[in-house]
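All remarks here apply to the structure that follows.
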Amino acid sequence: MPVEVTPSSLNELSELLRDCGSSKKTAELGGNFTKRAVGGEIAAADVVLSTRKLNQVLAYEPQDLTISVEAGITFRELRETLGANGQFLPLDPPFSDTATIGGIIASNGSGPPRRRYGTARDMVIGMKFVTVEGNTIQSGGMVVKNVTGLDMGKLMIGSFGTLACVAIVNFKIFPKPTLSLTCALSTRSLETALALRKEILSGVLQPNAIDLLNGDAARLGGVHLPESYSLLIEAGGNRATVERIEREFSELARHHAGTGFLALSQEQATSCWLGVQELTPAALAADAAMNVIRVSTIPSRIGDIFAAGSAGERARPVLVRAGNALGYIYCSGVEDARQCLDAARSQGLSAVVEYAPAGQKSALDQWVVSEPEFKVMRRLKDDLDPDHLLNPGRLFNRL
């Protein structure tokens, strides 16, 4: 049985990792371990190390729009701290109530607001992480514009804890919009939905979030939308801007036959976006055999993501971040997932298995990575974790 450890200070974290390195013990790193299903299969570890006791706000400058937190603080706790000052961190990742900041960074988690605000790479301005040798490395600082040079902290984002353990993260944060509007444009035609998306993103009034989901995805997330395809849009600003957005988007819907327009109340909007944000956790909870395939492409090929989701004439839940051409297909079982993967990759789309049940991940070719890319990642792994002790197998099922 692995030994479970929960350091409560940066020094203790360093000592525990140094001990792993010197005694060649493998370690599974995490916070609340909400995302064990994401990434590759983790080999059995000698030590399970959780950062959940490293959960303090270290520095918060509301006037400067910056905050520094330990990796074990949950996104919910951070959201509440910022919300008290009318500010927010627009990541909105899945598992947001229990996911820790360290886990969100390590898995590069994000949600609907990435259309307007980007991902963690756009919000992290500084970081401290601890290597398996017990060394604490600092990258960046507490100002939005740091000096140029190699930002080592960026390597930790999306590394799945295979390079080092994230300990402290500094973010730039944002004021909440004065007012916001959430509306849905729903249609039975995917082509109409894609045309609406193109017109909206080509216009002057730009949304903060714009997601396109089919009816199966809406039902899975508990989102009550009337038609087969719906564009869910969030925009913000002052009252005049919000009123203009509602007026123009409503008019846009009228110009496209068979398109309905629905402006949501604040209560409905909160429930709706939460359903979209937590769609993956809901899918995993509903089906123990669930595989989530992440597909990325260019905006003009968003329709191909839905086509891959219909491979074999099966109806599957599909959600697309319509401003970023990043989609999620929800498949029940290995064979279902393989069918979707093959369909997506045969069209030249980039497709990876983001979530899969434990014990079944090796049954699928989770990642397609070129040899030059893999060599770069292997070199980084060898430099920072030469004995491959940290989260072995979590990245590419090989690192």
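Chain identifiers are assigned as A, B, and so on, following the order in which chains appear in the structure tokens; residues are numbered from 1 within each chain, and ligands are numbered from 1 in order of appearance.
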Excluding Leu390 of chain A and its own-chain neighbours fewer than 6 positions away, which residues fall within 12 Å of it when counting only C-alpha atoms? Please give them as a PDB file with N, CA and C atoms, in the first residue's frame.
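Ended up saving to around.pdb:
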```pdb
ATOM      1  N   LEU A  17       9.617  15.476  -1.062  1.00  0.00           N
ATOM      2  CA  LEU A  17      10.050  15.182  -2.428  1.00  0.00           C
ATOM      3  C   LEU A  17      11.527  14.821  -2.472  1.00  0.00           C
ATOM      4  N   ARG A  18      12.317  15.474  -1.650  1.00  0.00           N
ATOM      5  CA  ARG A  18      13.743  15.140  -1.588  1.00  0.00           C
ATOM      6  C   ARG A  18      13.925  13.685  -1.134  1.00  0.00           C
ATOM      7  N   CYS A  20      11.753  11.256  -1.595  1.00  0.00           N
ATOM      8  CA  CYS A  20      11.379  10.406  -2.726  1.00  0.00           C
ATOM      9  C   CYS A  20      12.524  10.288  -3.721  1.00  0.00           C
ATOM     10  N   GLY A  21      13.158  11.420  -4.008  1.00  0.00           N
ATOM     11  CA  GLY A  21      14.245  11.401  -4.970  1.00  0.00           C
ATOM     12  C   GLY A  21      15.438  10.598  -4.500  1.00  0.00           C
ATOM     13  N   LYS A  24      14.516   6.875  -4.300  1.00  0.00           N
ATOM     14  CA  LYS A  24      13.954   6.359  -5.555  1.00  0.00           C
ATOM     15  C   LYS A  24      12.531   5.811  -5.374  1.00  0.00           C
ATOM     16  N   LYS A  25      11.711   6.543  -4.626  1.00  0.00           N
ATOM     17  CA  LYS A  25      10.314   6.173  -4.443  1.00  0.00           C
ATOM     18  C   LYS A  25       9.462   6.896  -5.488  1.00  0.00           C
ATOM     19  N   THR A  26       8.567   6.172  -6.132  1.00  0.00           N
ATOM     20  CA  THR A  26       7.652   6.822  -7.056  1.00  0.00           C
ATOM     21  C   THR A  26       6.558   7.540  -6.267  1.00  0.00           C
ATOM     22  N   ALA A  27       6.053   8.641  -6.829  1.00  0.00           N
ATOM     23  CA  ALA A  27       5.067   9.456  -6.117  1.00  0.00           C
ATOM     24  C   ALA A  27       3.932   9.851  -7.044  1.00  0.00           C
ATOM     25  N   GLU A  28       2.712   9.679  -6.552  1.00  0.00           N
ATOM     26  CA  GLU A  28       1.545  10.217  -7.235  1.00  0.00           C
ATOM     27  C   GLU A  28       1.230  11.567  -6.616  1.00  0.00           C
ATOM     28  N   LEU A  29       1.298  12.626  -7.420  1.00  0.00           N
ATOM     29  CA  LEU A  29       1.066  13.981  -6.939  1.00  0.00           C
ATOM     30  C   LEU A  29      -0.365  14.407  -7.261  1.00  0.00           C
ATOM     31  N   GLY A  30      -0.968  15.136  -6.331  1.00  0.00           N
ATOM     32  CA  GLY A  30      -2.308  15.647  -6.576  1.00  0.00           C
ATOM     33  C   GLY A  30      -2.742  16.577  -5.469  1.00  0.00           C
ATOM     34  N   ILE A  42      -1.722   6.017 -14.333  1.00  0.00           N
ATOM     35  CA  ILE A  42      -0.629   6.227 -13.398  1.00  0.00           C
ATOM     36  C   ILE A  42      -0.172   4.882 -12.857  1.00  0.00           C
ATOM     37  N   ALA A  43       1.117   4.625 -12.949  1.00  0.00           N
ATOM     38  CA  ALA A  43       1.657   3.388 -12.383  1.00  0.00           C
ATOM     39  C   ALA A  43       1.513   3.419 -10.862  1.00  0.00           C
ATOM     40  N   ALA A  44       1.396   2.239 -10.262  1.00  0.00           N
ATOM     41  CA  ALA A  44       1.283   2.152  -8.802  1.00  0.00           C
ATOM     42  C   ALA A  44       2.450   2.885  -8.153  1.00  0.00           C
ATOM     43  N   ALA A  45       2.131   3.773  -7.185  1.00  0.00           N
ATOM     44  CA  ALA A  45       3.155   4.629  -6.582  1.00  0.00           C
ATOM     45  C   ALA A  45       3.484   4.172  -5.168  1.00  0.00           C
ATOM     46  N   ASP A  46       4.699   4.488  -4.734  1.00  0.00           N
ATOM     47  CA  ASP A  46       5.099   4.208  -3.354  1.00  0.00           C
ATOM     48  C   ASP A  46       4.512   5.238  -2.391  1.00  0.00           C
ATOM     49  N   VAL A  47       4.354   6.471  -2.892  1.00  0.00           N
ATOM     50  CA  VAL A  47       3.875   7.578  -2.062  1.00  0.00           C
ATOM     51  C   VAL A  47       2.759   8.303  -2.802  1.00  0.00           C
ATOM     52  N   VAL A  48       1.680   8.611  -2.092  1.00  0.00           N
ATOM     53  CA  VAL A  48       0.626   9.484  -2.625  1.00  0.00           C
ATOM     54  C   VAL A  48       0.721  10.806  -1.871  1.00  0.00           C
ATOM     55  N   LEU A  49       1.089  11.864  -2.590  1.00  0.00           N
ATOM     56  CA  LEU A  49       1.335  13.170  -1.974  1.00  0.00           C
ATOM     57  C   LEU A  49       0.249  14.144  -2.379  1.00  0.00           C
ATOM     58  N   VAL A 130       8.318  22.630  -6.900  1.00  0.00           N
ATOM     59  CA  VAL A 130       9.359  21.883  -6.191  1.00  0.00           C
ATOM     60  C   VAL A 130       9.718  20.650  -7.007  1.00  0.00           C
ATOM     61  N   THR A 131      11.008  20.457  -7.243  1.00  0.00           N
ATOM     62  CA  THR A 131      11.468  19.310  -8.014  1.00  0.00           C
ATOM     63  C   THR A 131      11.609  18.085  -7.118  1.00  0.00           C
ATOM     64  N   VAL A 132      11.844  16.947  -7.744  1.00  0.00           N
ATOM     65  CA  VAL A 132      12.003  15.704  -6.993  1.00  0.00           C
ATOM     66  C   VAL A 132      13.293  15.701  -6.172  1.00  0.00           C
ATOM     67  N   GLU A 133      14.181  16.634  -6.434  1.00  0.00           N
ATOM     68  CA  GLU A 133      15.393  16.786  -5.625  1.00  0.00           C
ATOM     69  C   GLU A 133      15.157  17.692  -4.416  1.00  0.00           C
ATOM     70  N   SER A 159       1.313  19.678 -17.565  1.00  0.00           N
ATOM     71  CA  SER A 159       2.335  18.626 -17.455  1.00  0.00           C
ATOM     72  C   SER A 159       1.850  17.439 -16.627  1.00  0.00           C
ATOM     73  N   PHE A 160       0.655  17.528 -16.048  1.00  0.00           N
ATOM     74  CA  PHE A 160       0.064  16.440 -15.259  1.00  0.00           C
ATOM     75  C   PHE A 160       0.947  16.002 -14.099  1.00  0.00           C
ATOM     76  N   GLY A 161       1.712  16.922 -13.548  1.00  0.00           N
ATOM     77  CA  GLY A 161       2.537  16.597 -12.398  1.00  0.00           C
ATOM     78  C   GLY A 161       3.691  15.670 -12.689  1.00  0.00           C
ATOM     79  N   THR A 162       4.093  15.582 -13.943  1.00  0.00           N
ATOM     80  CA  THR A 162       5.173  14.658 -14.311  1.00  0.00           C
ATOM     81  C   THR A 162       6.557  15.300 -14.254  1.00  0.00           C
ATOM     82  N   LEU A 163       6.619  16.621 -14.086  1.00  0.00           N
ATOM     83  CA  LEU A 163       7.912  17.313 -14.067  1.00  0.00           C
ATOM     84  C   LEU A 163       8.299  17.777 -12.666  1.00  0.00           C
ATOM     85  N   ALA A 164       7.346  18.273 -11.907  1.00  0.00           N
ATOM     86  CA  ALA A 164       7.590  18.802 -10.566  1.00  0.00           C
ATOM     87  C   ALA A 164       6.232  19.018  -9.910  1.00  0.00           C
ATOM     88  N   CYS A 165       6.245  19.444  -8.655  1.00  0.00           N
ATOM     89  CA  CYS A 165       5.004  19.679  -7.913  1.00  0.00           C
ATOM     90  C   CYS A 165       4.754  21.174  -7.796  1.00  0.00           C
ATOM     91  N   LYS A 381      11.552  15.788 -19.138  1.00  0.00           N
ATOM     92  CA  LYS A 381      11.326  14.823 -18.065  1.00  0.00           C
ATOM     93  C   LYS A 381      12.658  14.321 -17.509  1.00  0.00           C
ATOM     94  N   ASP A 382      13.585  14.005 -18.380  1.00  0.00           N
ATOM     95  CA  ASP A 382      14.891  13.508 -17.931  1.00  0.00           C
ATOM     96  C   ASP A 382      15.648  14.556 -17.131  1.00  0.00           C
ATOM     97  N   LEU A 384      14.282  17.206 -15.321  1.00  0.00           N
ATOM     98  CA  LEU A 384      13.645  17.578 -14.065  1.00  0.00           C
ATOM     99  C   LEU A 384      13.331  16.385 -13.175  1.00  0.00           C
ATOM    100  N   LEU A 399       5.265   8.903 -20.123  1.00  0.00           N
ATOM    101  CA  LEU A 399       6.171   9.740 -19.321  1.00  0.00           C
ATOM    102  C   LEU A 399       5.623   9.913 -17.913  1.00  0.00           C
TER     103      LEU A 399
END
```
Applying 8 Å and only C-alpha atoms, which residues near segment 106-123 of chain A remain after dropping the ones on its own chain fewer than 2 positions away? List them as an mmCIF file with C-alpha atoms, in the first residue's frame.
```
data_model
loop_
_atom_site.group_PDB
_atom_site.id
_atom_site.type_symbol
_atom_site.label_atom_id
_atom_site.label_comp_id
_atom_site.auth_asym_id
_atom_site.auth_seq_id
_atom_site.Cartn_x
_atom_site.Cartn_y
_atom_site.Cartn_z
ATOM 1 C CA VAL A 38 -7.732 12.521 -16.886
ATOM 2 C CA PRO A 90 -12.111 33.353 -15.458
ATOM 3 C CA LEU A 91 -10.925 29.756 -15.706
ATOM 4 C CA ASP A 92 -14.209 28.033 -14.694
ATOM 5 C CA PRO A 93 -12.757 24.521 -14.953
ATOM 6 C CA PRO A 94 -14.722 21.307 -14.363
ATOM 7 C CA GLY A 102 -2.487 22.922 -8.468
ATOM 8 C CA GLY A 103 -4.564 20.254 -10.181
ATOM 9 C CA ILE A 104 -6.207 22.786 -12.471
ATOM 10 C CA ILE A 125 2.150 35.505 -13.894
ATOM 11 C CA LYS A 154 4.693 27.615 -18.088
ATOM 12 C CA MET A 156 4.132 23.018 -15.431
ATOM 13 C CA ILE A 157 0.824 23.954 -17.091
ATOM 14 C CA GLY A 158 -0.575 20.800 -18.640
ATOM 15 C CA SER A 159 2.335 18.626 -17.455
ATOM 16 C CA PHE A 160 0.064 16.440 -15.259
ATOM 17 C CA GLY A 161 2.537 16.597 -12.398
ATOM 18 C CA VAL A 166 3.256 23.038 -8.241
ATOM 19 C CA PHE A 171 -2.512 35.062 -11.108
ATOM 20 C CA LYS A 172 -3.657 38.201 -12.789
ATOM 21 C CA ILE A 173 -7.357 38.549 -12.068
ATOM 22 C CA PRO A 207 -19.210 37.576 -26.453
ATOM 23 C CA ASN A 208 -17.180 36.482 -23.447
ATOM 24 C CA ALA A 209 -18.255 32.888 -23.988
ATOM 25 C CA ILE A 210 -19.922 31.086 -26.875
ATOM 26 C CA ASP A 211 -20.511 27.338 -26.685
ATOM 27 C CA TRP A 273 -23.393 27.783 -17.338
ATOM 28 C CA VAL A 276 -22.038 23.335 -19.197
ATOM 29 C CA GLN A 277 -18.970 23.824 -17.002
ATOM 30 C CA ARG A 321 -16.117 25.917 -27.372
ATOM 31 C CA GLY A 323 -14.892 30.597 -30.211
ATOM 32 C CA ASN A 324 -11.857 28.307 -29.977
#
```
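Comparing A:Gln339, A:Ser250, A:Thr81, A:Thr192 by their smallest distance to Gly303 of chain A, the closest is A:Thr192 (using only C-alpha atoms).
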Could you pull out the strand (DSSP E or B) residues of segment 4-57 of chain A, going by DSSP on the backbone, and write them as a ChimeraX atom specification?
/A:4-5,27-30,38,47-50,57
Mind checking DSSP for segment 139-359 of chain A and telling me the helix (DSSP H, G or I) residues as a PDB file with C-alpha atoms, in the first residue's frame?
```pdb
ATOM      1  CA  GLY A 153       6.422  27.938 -14.728  1.00  0.00           C
ATOM      2  CA  LYS A 154       4.693  27.615 -18.088  1.00  0.00           C
ATOM      3  CA  LEU A 155       6.191  24.122 -18.407  1.00  0.00           C
ATOM      4  CA  MET A 156       4.132  23.018 -15.431  1.00  0.00           C
ATOM      5  CA  LEU A 190     -26.172  22.396 -37.469  1.00  0.00           C
ATOM      6  CA  GLU A 191     -25.468  24.427 -40.604  1.00  0.00           C
ATOM      7  CA  THR A 192     -27.672  27.250 -39.288  1.00  0.00           C
ATOM      8  CA  ALA A 193     -25.972  27.129 -35.904  1.00  0.00           C
ATOM      9  CA  LEU A 194     -22.557  27.378 -37.565  1.00  0.00           C
ATOM     10  CA  ALA A 195     -23.719  30.297 -39.720  1.00  0.00           C
ATOM     11  CA  LEU A 196     -24.986  32.098 -36.614  1.00  0.00           C
ATOM     12  CA  ARG A 197     -21.677  31.483 -34.880  1.00  0.00           C
ATOM     13  CA  LYS A 198     -19.769  32.950 -37.819  1.00  0.00           C
ATOM     14  CA  GLU A 199     -21.925  36.068 -37.958  1.00  0.00           C
ATOM     15  CA  ILE A 200     -21.642  36.678 -34.225  1.00  0.00           C
ATOM     16  CA  LEU A 201     -17.864  36.315 -34.111  1.00  0.00           C
ATOM     17  CA  SER A 202     -17.489  38.494 -37.217  1.00  0.00           C
ATOM     18  CA  GLY A 215     -29.369  18.242 -27.575  1.00  0.00           C
ATOM     19  CA  ASP A 216     -27.724  15.164 -26.033  1.00  0.00           C
ATOM     20  CA  ALA A 217     -25.045  17.309 -24.399  1.00  0.00           C
ATOM     21  CA  ALA A 218     -27.632  19.780 -23.135  1.00  0.00           C
ATOM     22  CA  ARG A 219     -29.654  16.994 -21.525  1.00  0.00           C
ATOM     23  CA  LEU A 220     -26.572  15.391 -20.008  1.00  0.00           C
ATOM     24  CA  ARG A 239     -26.491  48.555 -19.511  1.00  0.00           C
ATOM     25  CA  ALA A 240     -26.465  50.144 -22.971  1.00  0.00           C
ATOM     26  CA  THR A 241     -24.088  47.480 -24.296  1.00  0.00           C
ATOM     27  CA  VAL A 242     -26.064  44.586 -22.837  1.00  0.00           C
ATOM     28  CA  GLU A 243     -29.344  45.944 -24.193  1.00  0.00           C
ATOM     29  CA  ARG A 244     -27.816  46.378 -27.639  1.00  0.00           C
ATOM     30  CA  ILE A 245     -26.444  42.825 -27.581  1.00  0.00           C
ATOM     31  CA  GLU A 246     -29.841  41.392 -26.678  1.00  0.00           C
ATOM     32  CA  ARG A 247     -31.526  43.423 -29.395  1.00  0.00           C
ATOM     33  CA  GLU A 248     -29.058  42.543 -32.148  1.00  0.00           C
ATOM     34  CA  PHE A 249     -28.761  38.848 -31.308  1.00  0.00           C
ATOM     35  CA  SER A 250     -32.550  38.577 -31.198  1.00  0.00           C
ATOM     36  CA  GLU A 251     -32.723  40.222 -34.607  1.00  0.00           C
ATOM     37  CA  LEU A 252     -30.047  37.845 -35.897  1.00  0.00           C
ATOM     38  CA  ALA A 253     -32.158  34.866 -34.848  1.00  0.00           C
ATOM     39  CA  ARG A 254     -35.167  36.261 -36.711  1.00  0.00           C
ATOM     40  CA  HIS A 255     -33.127  36.475 -39.911  1.00  0.00           C
ATOM     41  CA  GLN A 266     -29.697  35.601 -13.961  1.00  0.00           C
ATOM     42  CA  GLU A 267     -30.793  32.506 -12.056  1.00  0.00           C
ATOM     43  CA  GLN A 268     -31.294  30.546 -15.265  1.00  0.00           C
ATOM     44  CA  ALA A 269     -27.955  31.734 -16.629  1.00  0.00           C
ATOM     45  CA  THR A 270     -26.052  30.664 -13.510  1.00  0.00           C
ATOM     46  CA  SER A 271     -27.654  27.215 -13.628  1.00  0.00           C
ATOM     47  CA  CYS A 272     -27.083  26.890 -17.362  1.00  0.00           C
ATOM     48  CA  TRP A 273     -23.393  27.783 -17.338  1.00  0.00           C
ATOM     49  CA  LEU A 274     -22.782  25.578 -14.322  1.00  0.00           C
ATOM     50  CA  GLY A 275     -24.328  22.680 -16.229  1.00  0.00           C
ATOM     51  CA  VAL A 276     -22.038  23.335 -19.197  1.00  0.00           C
ATOM     52  CA  GLN A 277     -18.970  23.824 -17.002  1.00  0.00           C
ATOM     53  CA  LEU A 279     -20.718  18.528 -18.085  1.00  0.00           C
ATOM     54  CA  THR A 280     -17.688  16.248 -17.902  1.00  0.00           C
ATOM     55  CA  PRO A 281     -18.056  15.473 -14.162  1.00  0.00           C
ATOM     56  CA  ALA A 282     -21.757  14.788 -14.754  1.00  0.00           C
ATOM     57  CA  ALA A 283     -20.947  12.420 -17.620  1.00  0.00           C
ATOM     58  CA  LEU A 284     -18.317  10.549 -15.614  1.00  0.00           C
ATOM     59  CA  ALA A 285     -20.678  10.212 -12.649  1.00  0.00           C
ATOM     60  CA  ALA A 286     -23.520   8.935 -14.833  1.00  0.00           C
ATOM     61  CA  PRO A 299     -13.010  27.296 -36.740  1.00  0.00           C
ATOM     62  CA  SER A 300     -14.087  26.455 -40.267  1.00  0.00           C
ATOM     63  CA  ARG A 301     -14.087  22.749 -39.366  1.00  0.00           C
ATOM     64  CA  ILE A 302     -16.223  22.775 -36.223  1.00  0.00           C
ATOM     65  CA  GLY A 303     -18.864  20.819 -38.135  1.00  0.00           C
ATOM     66  CA  ASP A 304     -16.371  17.963 -38.490  1.00  0.00           C
ATOM     67  CA  ILE A 305     -16.259  17.610 -34.685  1.00  0.00           C
ATOM     68  CA  PHE A 306     -19.996  16.933 -34.706  1.00  0.00           C
ATOM     69  CA  ALA A 307     -19.529  14.547 -37.620  1.00  0.00           C
ATOM     70  CA  ALA A 308     -16.975  12.578 -35.594  1.00  0.00           C
ATOM     71  CA  GLY A 309     -19.445  12.566 -32.725  1.00  0.00           C
ATOM     72  CA  ALA A 311     -19.635   8.196 -36.296  1.00  0.00           C
ATOM     73  CA  GLY A 312     -21.472   4.930 -36.880  1.00  0.00           C
ATOM     74  CA  GLU A 313     -24.772   6.811 -36.959  1.00  0.00           C
ATOM     75  CA  VAL A 334     -13.813   1.577 -25.296  1.00  0.00           C
ATOM     76  CA  GLU A 335     -15.237   0.558 -28.663  1.00  0.00           C
ATOM     77  CA  ASP A 336     -17.459   3.612 -28.839  1.00  0.00           C
ATOM     78  CA  ALA A 337     -14.479   5.822 -28.046  1.00  0.00           C
ATOM     79  CA  ARG A 338     -12.292   4.051 -30.602  1.00  0.00           C
ATOM     80  CA  GLN A 339     -14.916   4.617 -33.299  1.00  0.00           C
ATOM     81  CA  CYS A 340     -14.994   8.345 -32.571  1.00  0.00           C
ATOM     82  CA  LEU A 341     -11.208   8.613 -32.366  1.00  0.00           C
ATOM     83  CA  ASP A 342     -10.784   6.882 -35.706  1.00  0.00           C
ATOM     84  CA  ALA A 343     -13.430   9.104 -37.309  1.00  0.00           C
ATOM     85  CA  ALA A 344     -11.830  12.294 -35.984  1.00  0.00           C
ATOM     86  CA  ARG A 345      -8.268  11.344 -36.850  1.00  0.00           C
ATOM     87  CA  SER A 346      -9.228  10.105 -40.312  1.00  0.00           C
TER      88      SER A 346
END
```
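Each of A:Asn85, A:Asn397, A:Thr74, A:Ser68 was checked against Gly31 of chain A using only C-alpha atoms; the smallest atom-to-atom distance is that of A:Thr74.
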Ranking A:Gln63, A:Ser186, A:Thr51, A:Gln206 by minimum distance to Leu232 of chain A and counting only C-alpha atoms, which one comes first?
A:Ser186
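Within the 10 Å cut-off around Asn11 of chain A, using only C-alpha atoms and omitting residues fewer than 3 positions from it on the same chain, the listed residues are Pro7, Ser8, Ser14, Glu15, Leu16, Val130, Gly134, Asn135 and Thr136 of chain A.
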Within 7 Å of Ala99 of chain A, counting only C-alpha atoms, which residues show up once you throw out same-chain ones fewer than 6 positions away? Write them as an mmCIF file with C-alpha atoms, in the first residue's frame, please.
```
data_model
loop_
_atom_site.group_PDB
_atom_site.id
_atom_site.type_symbol
_atom_site.label_atom_id
_atom_site.label_comp_id
_atom_site.auth_asym_id
_atom_site.auth_seq_id
_atom_site.Cartn_x
_atom_site.Cartn_y
_atom_site.Cartn_z
ATOM 1 C CA ASN A 32 -8.027 16.476 -4.012
ATOM 2 C CA THR A 34 -10.668 15.001 -8.650
ATOM 3 C CA THR A 74 -9.834 24.948 -4.166
ATOM 4 C CA PHE A 75 -11.211 26.931 -7.046
#
```
So that I can check the surroundings of Arg188 of chain A, please list as a PyMOL selection string every protein, DNA and RNA residue that reaches within 7 Å of it, counting only C-alpha atoms and ignoring chain neighbours fewer than 4 positions away.
chain A and resi 227-229
Could you tell me how far atom CA of Arg52 of chain A sits from atom CA of Thr100 of chain A, in Å to one decimal place?
7.4 Å
Counting only C-alpha atoms, the residue among A:Val3, A:Leu78, A:Val352, A:Val368 that lies closest to Gly327 of chain A is A:Val352
Could you tell me how far atom CA of Phe88 of chain A lies from atom CA of Ala322 of chain A, in Å and to one decimal?
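We find that atom CA of Phe88 of chain A and atom CA of Ala322 of chain A lie 22.4 Å from each other.
Minimum atom-to-atom distances from A:Ile137, A:Met127, A:Leu264, A:Val320 to Leu185 of chain A were compared using only C-alpha atoms, and the lowest value belongs to A:Leu264.
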9 Å contact set for Arg294 of chain A, only C-alpha atoms, chain neighbours under 4 positions out, as a PyMOL selection string
chain A and resi 326-329+350-355
